[in-house]
>>> print(open('coords.cif').read())   # mmCIF, C-alpha atoms
data_upload
loop_
_atom_site.group_PDB
_atom_site.id
_atom_site.type_symbol
_atom_site.label_atom_id
_atom_site.label_comp_id
_atom_site.auth_asym_id
_atom_site.auth_seq_id
_atom_site.Cartn_x
_atom_site.Cartn_y
_atom_site.Cartn_z
ATOM 1 C CA MET I 1 -5.724 -10.775 0.622
ATOM 2 C CA GLN I 2 -4.099 -10.783 4.073
ATOM 3 C CA THR I 3 -5.646 -14.187 4.823
ATOM 4 C CA PHE I 4 -4.370 -15.650 1.567
ATOM 5 C CA SER I 5 -0.953 -14.130 2.171
ATOM 6 C CA LEU I 6 -0.806 -15.716 5.619
ATOM 7 C CA LEU I 7 -1.844 -19.105 4.235
ATOM 8 C CA TRP I 8 0.740 -18.693 1.489
ATOM 9 C CA ARG I 9 3.576 -18.061 3.928
ATOM 10 C CA THR I 10 2.474 -20.859 6.244
ATOM 11 C CA ALA I 11 2.366 -23.311 3.348
ATOM 12 C CA ALA I 12 5.762 -22.105 2.182
ATOM 13 C CA LEU I 13 7.302 -22.706 5.570
ATOM 14 C CA ALA I 14 5.819 -26.177 5.750
ATOM 15 C CA LEU I 15 7.036 -27.012 2.276
ATOM 16 C CA GLY I 16 10.482 -25.648 3.023
ATOM 17 C CA LEU I 17 10.758 -27.892 6.061
ATOM 18 C CA ALA I 18 9.346 -30.938 4.324
ATOM 19 C CA LEU I 19 11.452 -30.941 1.173
ATOM 20 C CA PRO I 20 15.146 -31.839 1.365
ATOM 21 C CA ALA I 21 17.661 -29.835 -0.656
ATOM 22 C CA ALA I 22 18.126 -32.737 -3.072
ATOM 23 C CA ALA I 23 14.494 -32.397 -4.161
ATOM 24 C CA GLN I 24 15.122 -28.845 -5.357
ATOM 25 C CA THR I 25 17.256 -29.752 -8.357
ATOM 26 C CA GLY I 26 16.218 -29.672 -11.988
ATOM 27 C CA ALA I 27 14.434 -26.910 -13.884
ATOM 28 C CA ALA I 28 10.989 -27.407 -15.417
ATOM 29 C CA PRO I 29 10.594 -26.538 -19.093
ATOM 30 C CA ALA I 30 9.075 -23.148 -19.881
ATOM 31 C CA GLN I 31 5.303 -23.238 -20.353
ATOM 32 C CA ALA I 32 3.134 -21.263 -22.756
ATOM 33 C CA PRO I 33 1.036 -18.598 -20.953
ATOM 34 C CA ASP I 34 -2.222 -20.341 -21.893
ATOM 35 C CA ALA I 35 -1.058 -23.769 -20.676
ATOM 36 C CA VAL I 36 -3.573 -24.999 -18.066
ATOM 37 C CA VAL I 37 -1.893 -26.067 -14.822
ATOM 38 C CA ALA I 38 -5.070 -26.670 -12.790
ATOM 39 C CA ARG I 39 -8.864 -26.463 -12.924
ATOM 40 C CA VAL I 40 -11.039 -25.255 -10.057
ATOM 41 C CA ASN I 41 -14.652 -26.336 -10.470
ATOM 42 C CA GLY I 42 -13.973 -26.219 -14.204
ATOM 43 C CA ALA I 43 -12.291 -22.779 -14.190
ATOM 44 C CA PRO I 44 -8.752 -22.979 -15.597
ATOM 45 C CA VAL I 45 -5.591 -21.743 -13.893
ATOM 46 C CA THR I 46 -2.924 -21.064 -16.507
ATOM 47 C CA ALA I 47 0.821 -20.621 -16.526
ATOM 48 C CA GLY I 48 0.149 -16.971 -17.383
ATOM 49 C CA ASP I 49 -1.894 -16.640 -14.186
ATOM 50 C CA LEU I 50 1.044 -18.008 -12.219
ATOM 51 C CA ALA I 51 3.387 -15.504 -13.860
ATOM 52 C CA VAL I 52 1.131 -12.622 -12.811
ATOM 53 C CA ALA I 53 0.952 -13.940 -9.240
ATOM 54 C CA ALA I 54 4.729 -14.395 -9.154
ATOM 55 C CA ASP I 55 5.133 -10.640 -9.718
ATOM 56 C CA ASP I 56 3.004 -9.818 -6.655
ATOM 57 C CA PRO I 57 5.342 -8.410 -3.954
ATOM 58 C CA ALA I 58 3.049 -9.890 -1.279
ATOM 59 C CA LEU I 59 3.944 -13.357 -2.529
ATOM 60 C CA SER I 60 7.692 -12.913 -2.284
ATOM 61 C CA LEU I 61 9.436 -15.848 -0.625
ATOM 62 C CA PRO I 62 13.186 -15.277 -0.265
ATOM 63 C CA GLY I 63 15.124 -18.482 0.158
ATOM 64 C CA VAL I 64 12.496 -20.699 -1.506
ATOM 65 C CA SER I 65 13.604 -22.451 -4.690
ATOM 66 C CA ASP I 66 11.881 -21.715 -8.010
ATOM 67 C CA GLU I 67 10.363 -25.195 -8.171
ATOM 68 C CA GLN I 68 8.946 -24.913 -4.656
ATOM 69 C CA LYS I 69 7.537 -21.486 -5.424
ATOM 70 C CA LYS I 70 5.819 -22.760 -8.586
ATOM 71 C CA GLY I 71 4.084 -25.451 -6.566
ATOM 72 C CA LEU I 72 3.033 -22.923 -3.952
ATOM 73 C CA LEU I 73 1.737 -20.567 -6.629
ATOM 74 C CA VAL I 74 -0.511 -23.291 -8.030
ATOM 75 C CA ASP I 75 -1.954 -23.935 -4.546
ATOM 76 C CA TYR I 76 -2.351 -20.229 -3.964
ATOM 77 C CA MET I 77 -4.184 -19.720 -7.274
ATOM 78 C CA VAL I 78 -6.464 -22.659 -6.502
ATOM 79 C CA ASP I 79 -7.370 -21.048 -3.160
ATOM 80 C CA LEU I 80 -7.811 -17.696 -4.890
ATOM 81 C CA LYS I 81 -10.185 -19.162 -7.460
ATOM 82 C CA LEU I 82 -12.157 -21.000 -4.775
ATOM 83 C CA GLY I 83 -12.494 -17.814 -2.731
ATOM 84 C CA ALA I 84 -13.466 -15.746 -5.757
ATOM 85 C CA GLN I 85 -16.099 -18.294 -6.785
ATOM 86 C CA ALA I 86 -17.550 -18.262 -3.264
ATOM 87 C CA ALA I 87 -17.600 -14.453 -3.311
ATOM 88 C CA GLU I 88 -19.407 -14.457 -6.653
ATOM 89 C CA LYS I 89 -22.096 -16.764 -5.234
ATOM 90 C CA ALA I 90 -22.429 -14.400 -2.282
ATOM 91 C CA LYS I 91 -22.915 -11.550 -4.820
ATOM 92 C CA ILE I 92 -20.001 -9.555 -3.392
ATOM 93 C CA GLY I 93 -19.367 -8.195 -6.879
ATOM 94 C CA GLU I 94 -22.763 -6.458 -6.867
ATOM 95 C CA ASN I 95 -21.878 -4.359 -3.819
ATOM 96 C CA PRO I 96 -21.415 -0.648 -4.785
ATOM 97 C CA ASP I 97 -18.300 -0.358 -2.580
ATOM 98 C CA PHE I 98 -16.754 -3.344 -4.335
ATOM 99 C CA THR I 99 -17.570 -1.830 -7.734
ATOM 100 C CA ARG I 100 -15.823 1.397 -6.745
ATOM 101 C CA LYS I 101 -12.765 -0.515 -5.474
ATOM 102 C CA LEU I 102 -12.634 -2.541 -8.681
ATOM 103 C CA ALA I 103 -12.749 0.625 -10.788
ATOM 104 C CA TYR I 104 -10.050 2.258 -8.659
ATOM 105 C CA PHE I 105 -7.643 -0.683 -8.870
ATOM 106 C CA ARG I 106 -8.287 -1.084 -12.596
ATOM 107 C CA ASP I 107 -7.377 2.573 -13.167
ATOM 108 C CA LYS I 108 -4.319 2.257 -10.943
ATOM 109 C CA LEU I 109 -3.104 -0.882 -12.690
ATOM 110 C CA LEU I 110 -3.623 0.708 -16.103
ATOM 111 C CA LEU I 111 -1.655 3.796 -15.060
ATOM 112 C CA ASP I 112 1.162 1.735 -13.545
ATOM 113 C CA GLU I 113 1.478 -0.410 -16.661
ATOM 114 C CA TYR I 114 1.381 2.639 -18.938
ATOM 115 C CA LEU I 115 4.041 4.540 -16.977
ATOM 116 C CA GLU I 116 6.254 1.471 -16.781
ATOM 117 C CA ARG I 117 6.014 0.904 -20.528
ATOM 118 C CA GLU I 118 6.777 4.535 -21.386
ATOM 119 C CA ALA I 119 9.662 4.695 -18.898
ATOM 120 C CA LYS I 120 11.297 1.673 -20.518
ATOM 121 C CA LYS I 121 11.357 3.582 -23.799
ATOM 122 C CA ALA I 122 13.124 6.528 -22.155
ATOM 123 C CA VAL I 123 15.648 4.666 -20.015
ATOM 124 C CA THR I 124 18.058 3.647 -22.746
ATOM 125 C CA PRO I 125 21.838 3.135 -22.478
ATOM 126 C CA GLU I 126 22.280 6.221 -24.675
ATOM 127 C CA ALA I 127 20.073 8.401 -22.454
ATOM 128 C CA ALA I 128 21.842 7.179 -19.315
ATOM 129 C CA ARG I 129 25.280 7.873 -20.750
ATOM 130 C CA SER I 130 24.213 11.313 -22.001
ATOM 131 C CA LEU I 131 22.870 12.283 -18.560
ATOM 132 C CA TYR I 132 26.051 11.031 -16.896
ATOM 133 C CA ASP I 133 28.283 13.007 -19.261
ATOM 134 C CA GLU I 134 26.280 16.192 -18.687
ATOM 135 C CA THR I 135 26.287 15.698 -14.920
ATOM 136 C CA VAL I 136 30.023 15.063 -14.739
ATOM 137 C CA LYS I 137 30.670 18.377 -16.492
ATOM 138 C CA THR I 138 29.069 20.235 -13.598
ATOM 139 C CA LEU I 139 30.926 18.373 -10.848
ATOM 140 C CA LYS I 140 33.807 20.315 -9.372
ATOM 141 C CA PRO I 141 36.720 18.490 -7.743
ATOM 142 C CA GLU I 142 36.212 18.371 -3.982
ATOM 143 C CA GLU I 143 38.938 18.113 -1.392
ATOM 144 C CA GLU I 144 38.508 15.444 1.264
ATOM 145 C CA VAL I 145 40.273 15.071 4.579
ATOM 146 C CA HIS I 146 40.845 11.965 6.663
ATOM 147 C CA ALA I 147 41.121 13.162 10.248
ATOM 148 C CA ARG I 148 40.919 12.206 13.896
ATOM 149 C CA HIS I 149 39.677 14.364 16.755
ATOM 150 C CA ILE I 150 39.450 14.457 20.522
ATOM 151 C CA LEU I 151 36.456 16.222 22.064
ATOM 152 C CA VAL I 152 36.630 17.645 25.598
ATOM 153 C CA GLU I 153 34.648 20.155 27.623
ATOM 154 C CA SER I 154 37.193 22.896 28.354
ATOM 155 C CA GLU I 155 39.874 24.829 26.524
ATOM 156 C CA ALA I 156 42.363 24.127 29.290
ATOM 157 C CA GLU I 157 41.882 20.381 28.912
ATOM 158 C CA ALA I 158 42.178 20.663 25.115
ATOM 159 C CA LYS I 159 45.459 22.626 25.430
ATOM 160 C CA LYS I 160 46.862 20.010 27.762
ATOM 161 C CA ILE I 161 45.945 17.186 25.344
ATOM 162 C CA ALA I 162 47.354 19.065 22.341
ATOM 163 C CA GLY I 163 50.610 19.510 24.224
ATOM 164 C CA ARG I 164 50.848 15.804 25.038
ATOM 165 C CA ILE I 165 50.312 14.858 21.393
ATOM 166 C CA LYS I 166 52.780 17.409 20.066
ATOM 167 C CA GLY I 167 55.188 16.041 22.640
ATOM 168 C CA GLY I 168 55.064 12.644 20.949
ATOM 169 C CA GLU I 169 52.225 10.731 22.651
ATOM 170 C CA ASP I 170 49.927 8.603 20.486
ATOM 171 C CA PHE I 171 46.819 10.489 19.340
ATOM 172 C CA ALA I 172 44.584 7.402 19.066
ATOM 173 C CA LYS I 173 45.518 6.237 22.571
ATOM 174 C CA ILE I 174 44.761 9.626 24.129
ATOM 175 C CA ALA I 175 41.487 9.838 22.178
ATOM 176 C CA ALA I 176 40.374 6.474 23.562
ATOM 177 C CA GLU I 177 41.209 7.663 27.080
ATOM 178 C CA THR I 178 39.842 11.225 27.070
ATOM 179 C CA SER I 179 37.472 11.981 24.160
ATOM 180 C CA LYS I 180 33.812 12.723 24.942
ATOM 181 C CA ASP I 181 32.691 11.777 21.428
ATOM 182 C CA PRO I 182 31.094 8.315 21.744
ATOM 183 C CA GLY I 183 30.977 7.856 17.970
ATOM 184 C CA SER I 184 34.725 8.037 17.357
ATOM 185 C CA LYS I 185 36.285 7.430 20.780
ATOM 186 C CA ALA I 186 36.512 3.658 20.348
ATOM 187 C CA GLU I 187 38.187 4.190 16.954
ATOM 188 C CA GLY I 188 40.932 6.400 18.364
ATOM 189 C CA GLY I 189 39.029 9.516 17.306
ATOM 190 C CA ASP I 190 38.947 8.435 13.646
ATOM 191 C CA LEU I 191 36.315 10.318 11.619
ATOM 192 C CA GLY I 192 37.190 8.751 8.264
ATOM 193 C CA TRP I 193 37.077 10.773 5.051
ATOM 194 C CA PHE I 194 34.836 13.830 4.830
ATOM 195 C CA THR I 195 34.244 16.908 2.681
ATOM 196 C CA LYS I 196 34.160 20.415 4.104
ATOM 197 C CA GLU I 197 30.390 20.820 4.113
ATOM 198 C CA ARG I 198 29.871 17.705 6.240
ATOM 199 C CA MET I 199 31.389 19.320 9.318
ATOM 200 C CA VAL I 200 30.427 22.402 11.329
ATOM 201 C CA PRO I 201 32.220 25.498 9.949
ATOM 202 C CA ALA I 202 34.774 26.058 12.725
ATOM 203 C CA PHE I 203 35.822 22.402 12.731
ATOM 204 C CA ALA I 204 35.980 22.196 8.934
ATOM 205 C CA GLU I 205 37.971 25.423 8.633
ATOM 206 C CA ALA I 206 40.616 24.177 11.066
ATOM 207 C CA ALA I 207 40.817 20.663 9.601
ATOM 208 C CA PHE I 208 41.203 21.765 5.988
ATOM 209 C CA LYS I 209 43.932 24.292 6.856
ATOM 210 C CA LEU I 210 46.114 21.614 8.429
ATOM 211 C CA ASP I 211 48.707 19.708 6.442
ATOM 212 C CA ALA I 212 48.719 15.903 6.607
ATOM 213 C CA GLY I 213 50.278 14.652 9.838
ATOM 214 C CA LYS I 214 49.747 17.946 11.701
ATOM 215 C CA VAL I 215 47.775 18.525 14.933
ATOM 216 C CA SER I 216 45.630 21.606 15.552
ATOM 217 C CA ASP I 217 45.470 23.965 18.468
ATOM 218 C CA PRO I 218 42.177 23.702 20.408
ATOM 219 C CA VAL I 219 39.127 24.461 18.235
ATOM 220 C CA LYS I 220 35.796 25.495 19.757
ATOM 221 C CA THR I 221 32.418 24.415 18.348
ATOM 222 C CA GLN I 222 28.924 24.107 19.824
ATOM 223 C CA PHE I 223 29.884 20.577 20.921
ATOM 224 C CA GLY I 224 32.912 21.584 22.998
ATOM 225 C CA TRP I 225 36.657 21.843 22.381
ATOM 226 C CA HIS I 226 38.423 19.749 19.746
ATOM 227 C CA VAL I 227 41.979 18.723 19.058
ATOM 228 C CA ILE I 228 42.265 17.635 15.413
ATOM 229 C CA LYS I 229 44.857 15.568 13.590
ATOM 230 C CA VAL I 230 44.798 15.329 9.801
ATOM 231 C CA GLU I 231 45.953 11.923 8.605
ATOM 232 C CA GLU I 232 45.585 12.346 4.828
ATOM 233 C CA LYS I 233 44.216 14.669 2.164
ATOM 234 C CA ARG I 234 42.959 13.884 -1.304
ATOM 235 C CA THR I 235 40.785 15.156 -4.126
ATOM 236 C CA LYS I 236 37.478 13.319 -4.072
ATOM 237 C CA PRO I 237 37.269 11.182 -7.225
ATOM 238 C CA VAL I 238 34.334 11.664 -9.595
ATOM 239 C CA PRO I 239 32.167 8.505 -9.493
ATOM 240 C CA GLY I 240 32.300 6.405 -12.649
ATOM 241 C CA PHE I 241 29.372 5.662 -14.925
ATOM 242 C CA ASP I 242 28.932 2.115 -13.611
ATOM 243 C CA GLU I 243 28.764 3.427 -10.030
ATOM 244 C CA MET I 244 26.029 5.901 -10.908
ATOM 245 C CA LYS I 245 24.067 3.881 -13.469
ATOM 246 C CA GLU I 246 21.423 2.650 -11.036
ATOM 247 C CA GLN I 247 20.816 6.189 -9.740
ATOM 248 C CA ILE I 248 20.707 7.532 -13.283
ATOM 249 C CA ASP I 249 18.176 4.914 -14.399
ATOM 250 C CA THR I 250 16.012 5.681 -11.362
ATOM 251 C CA TYR I 251 16.155 9.405 -12.091
ATOM 252 C CA LEU I 252 15.295 8.940 -15.768
ATOM 253 C CA THR I 253 12.385 6.650 -14.862
ATOM 254 C CA ARG I 254 10.908 9.057 -12.323
ATOM 255 C CA LYS I 255 11.426 12.111 -14.515
ATOM 256 C CA THR I 256 9.801 10.417 -17.502
ATOM 257 C CA GLN I 257 6.805 9.367 -15.434
ATOM 258 C CA GLN I 258 6.473 12.807 -13.865
ATOM 259 C CA ASP I 259 6.671 14.473 -17.274
ATOM 260 C CA ILE I 260 3.957 12.160 -18.601
ATOM 261 C CA ILE I 261 1.564 13.050 -15.770
ATOM 262 C CA THR I 262 2.332 16.761 -16.169
ATOM 263 C CA LYS I 263 1.670 16.602 -19.913
ATOM 264 C CA LEU I 264 -1.574 14.668 -19.433
ATOM 265 C CA ARG I 265 -2.765 17.309 -16.955
ATOM 266 C CA GLU I 266 -1.881 20.128 -19.360
ATOM 267 C CA GLN I 267 -3.794 18.492 -22.222
ATOM 268 C CA ALA I 268 -6.853 17.536 -20.172
ATOM 269 C CA LYS I 269 -9.919 19.495 -19.152
ATOM 270 C CA ILE I 270 -10.074 19.106 -15.387
ATOM 271 C CA GLU I 271 -12.977 20.538 -13.415
ATOM 272 C CA LYS I 272 -13.284 20.316 -9.655
ATOM 273 C CA THR I 273 -16.776 20.752 -8.290
ATOM 274 C CA ALA I 274 -17.800 22.523 -5.114
ATOM 275 C CA ALA I 275 -17.977 19.105 -3.459
ATOM 276 C CA ALA I 276 -14.241 18.533 -3.899
ATOM 277 C CA PRO I 277 -12.330 18.938 -0.631
ATOM 278 C CA LYS I 278 -9.737 21.690 -0.676
ATOM 279 C CA ALA I 279 -6.129 20.819 0.003
ATOM 280 C CA GLU I 280 -4.924 22.577 3.136
ATOM 281 C CA GLU I 281 -1.811 24.708 2.967
ATOM 282 C CA PRO I 282 0.987 23.295 5.158
ATOM 283 C CA LYS I 283 1.380 25.101 8.464
ATOM 284 C CA LYS I 284 4.519 27.175 8.917
ATOM 285 C CA ASP I 285 5.675 24.991 11.793
ATOM 286 C CA ASP I 286 5.152 21.831 9.704
ATOM 287 C CA ALA I 287 7.086 23.309 6.760
ATOM 288 C CA LYS I 288 10.157 23.729 8.959
ATOM 289 C CA LYS I 289 10.233 20.076 10.007
#
>>> encode(input="coords.cif", output="structure tokens")
Amino acid sequence: MQTFSLLWRTAALALGLALPAAAQTGAAPAQAPDAVVARVNGAPVTAGDLAVAADDPALSLPGVSDEQKKGLLVDYMVDLKLGAQAAEKAKIGENPDFTRKLAYFRDKLLLDEYLEREAKKAVTPEAARSLYDETVKTLKPEEEVHARHILVESEAEAKKIAGRIKGGEDFAKIAAETSKDPGSKAEGGDLGWFTKERMVPAFAEAAFKLDAGKVSDPVKTQFGWHVIKVEEKRTKPVPGFDEMKEQIDTYLTRKTQQDIITKLREQAKIEKTAAAPKAEEPKKDDAKK
């Protein structure tokens, strides 16, 4: 498959260079799945075959027009048929390893198709809205702070900086000159908006106690000494349904599929023989990582 994929991409590049943009206009009429688009030593290649190949992630070609891709898919399927016919003559299909691989991929494809079909039944607009409504009920309003900070090594230096700022000097300018925090120094110490749990406790406690526009006394954390200025405060808005819909659909899909597998296991008679390898328990050190 890697060889075919490489040939596919090489052909695509050549085609992309050879065809001018003007040749990419016009859409071909839709074809019936059983419409024959090519024959390889008498074996048909159908529009349905092309549709299956088009869904293969390995054959993705961003930036290539639909018409170009259709032409490439025909060439790819021709090569695939030729290779498969040669493999049949070489009796590759009679190899026990190949038979096992074929059985494995058949089972995998069947499972994938089954889970996808069942998930589509579960991921409905009504189910998504219901999950959103239930989730929103549990969300508590969170306070957010927009703040700047200056990080230095000593308390004495922090006190000196705090005094300069409270004396009227520009916080952002002093931050750019003195702060040891490489992530915010270039932005005048700006940390953007954050909730309390995103910061270390001592820093968060000081920042959330300050009123907007106020500057803190020096605050010590494991990183050093901070001088903090709160720019703004707000209550974090609850995300709307449209913002969360993609996450909700993903959750519903995964939960449905997980529930299906769990139910199938519960209803099945599963016996592991003595030959089955035992799953090792994770080491304590690994569990902490």
>>> resolve_selection(input="coords.cif", expression="the PyMOL selection byres ((chain I and resi 37) around 12)", output="NGL selection string")
:I and (31-36 or 38-40 or 43-51 or 70-71 or 73-75 or 77-78)
>>> residues_around(input="coords.cif", residues="segment 174-187 of chain I", least_positions_apart="5", cutoff="10 Å", atoms="all atoms listed in the file", output="PyMOL selection string")
chain I and resi 148-153+157-158+161-162+164-165+169+192+223-227
>>> atom_distance(input="coords.cif", atom1="atom CA of Glu155 of chain I", atom2="atom CA of Pro218 of chain I")
6.6 Å
>>> atom_distance(input="coords.cif", atom1="atom CA of Pro125 of chain I", atom2="atom CA of Glu142 of chain I")
27.9 Å
>>> residues_around(input="coords.cif", residues="Asp133 of chain I", least_positions_apart="2", cutoff="12 Å", atoms="all atoms listed in the file", output="PyMOL selection string")
chain I and resi 126-131+135-139+238-241+244-245+248
>>> atom_distance(input="coords.cif", atom1="atom CA of Gly167 of chain I", atom2="atom CA of Thr221 of chain I")
24.6 Å
>>> residues_around(input="coords.cif", residues="segment 253-268 of chain I", least_positions_apart="4", cutoff="8 Å", atoms="only C-alpha atoms", output="list in words")
Leu115, Glu118, Ala119, Lys120, Ala122, Val123 and Asp249 of chain I
>>> resolve_selection(input="coords.cif", expression="the PyMOL selection byres ((chain I and resi 195) around 8)", output="list in words")
Glu142, Glu143, Glu144, Val145, Trp193, Phe194, Lys196, Glu197, Arg198 and Met199 of chain I
>>> closest_residue(input="coords.cif", among="I:Lys140, I:Glu271, I:Lys173, I:Leu252", to="Lys236 of chain I", atoms="all atoms listed in the file")
I:Lys140
>>> closest_residue(input="coords.cif", among="I:Gln85, I:Asp217, I:Ala103, I:Pro62", to="Gly163 of chain I", atoms="all atoms listed in the file")
I:Asp217
>>> resolve_selection(input="coords.cif", expression="the PyMOL selection byres ((chain I and resi 233) around 9)", output="list in words")
Glu143, Glu144, Val145, His146, Ala147, Trp193, Phe208, Asp211, Ala212, Val230, Glu231, Glu232, Arg234 and Thr235 of chain I
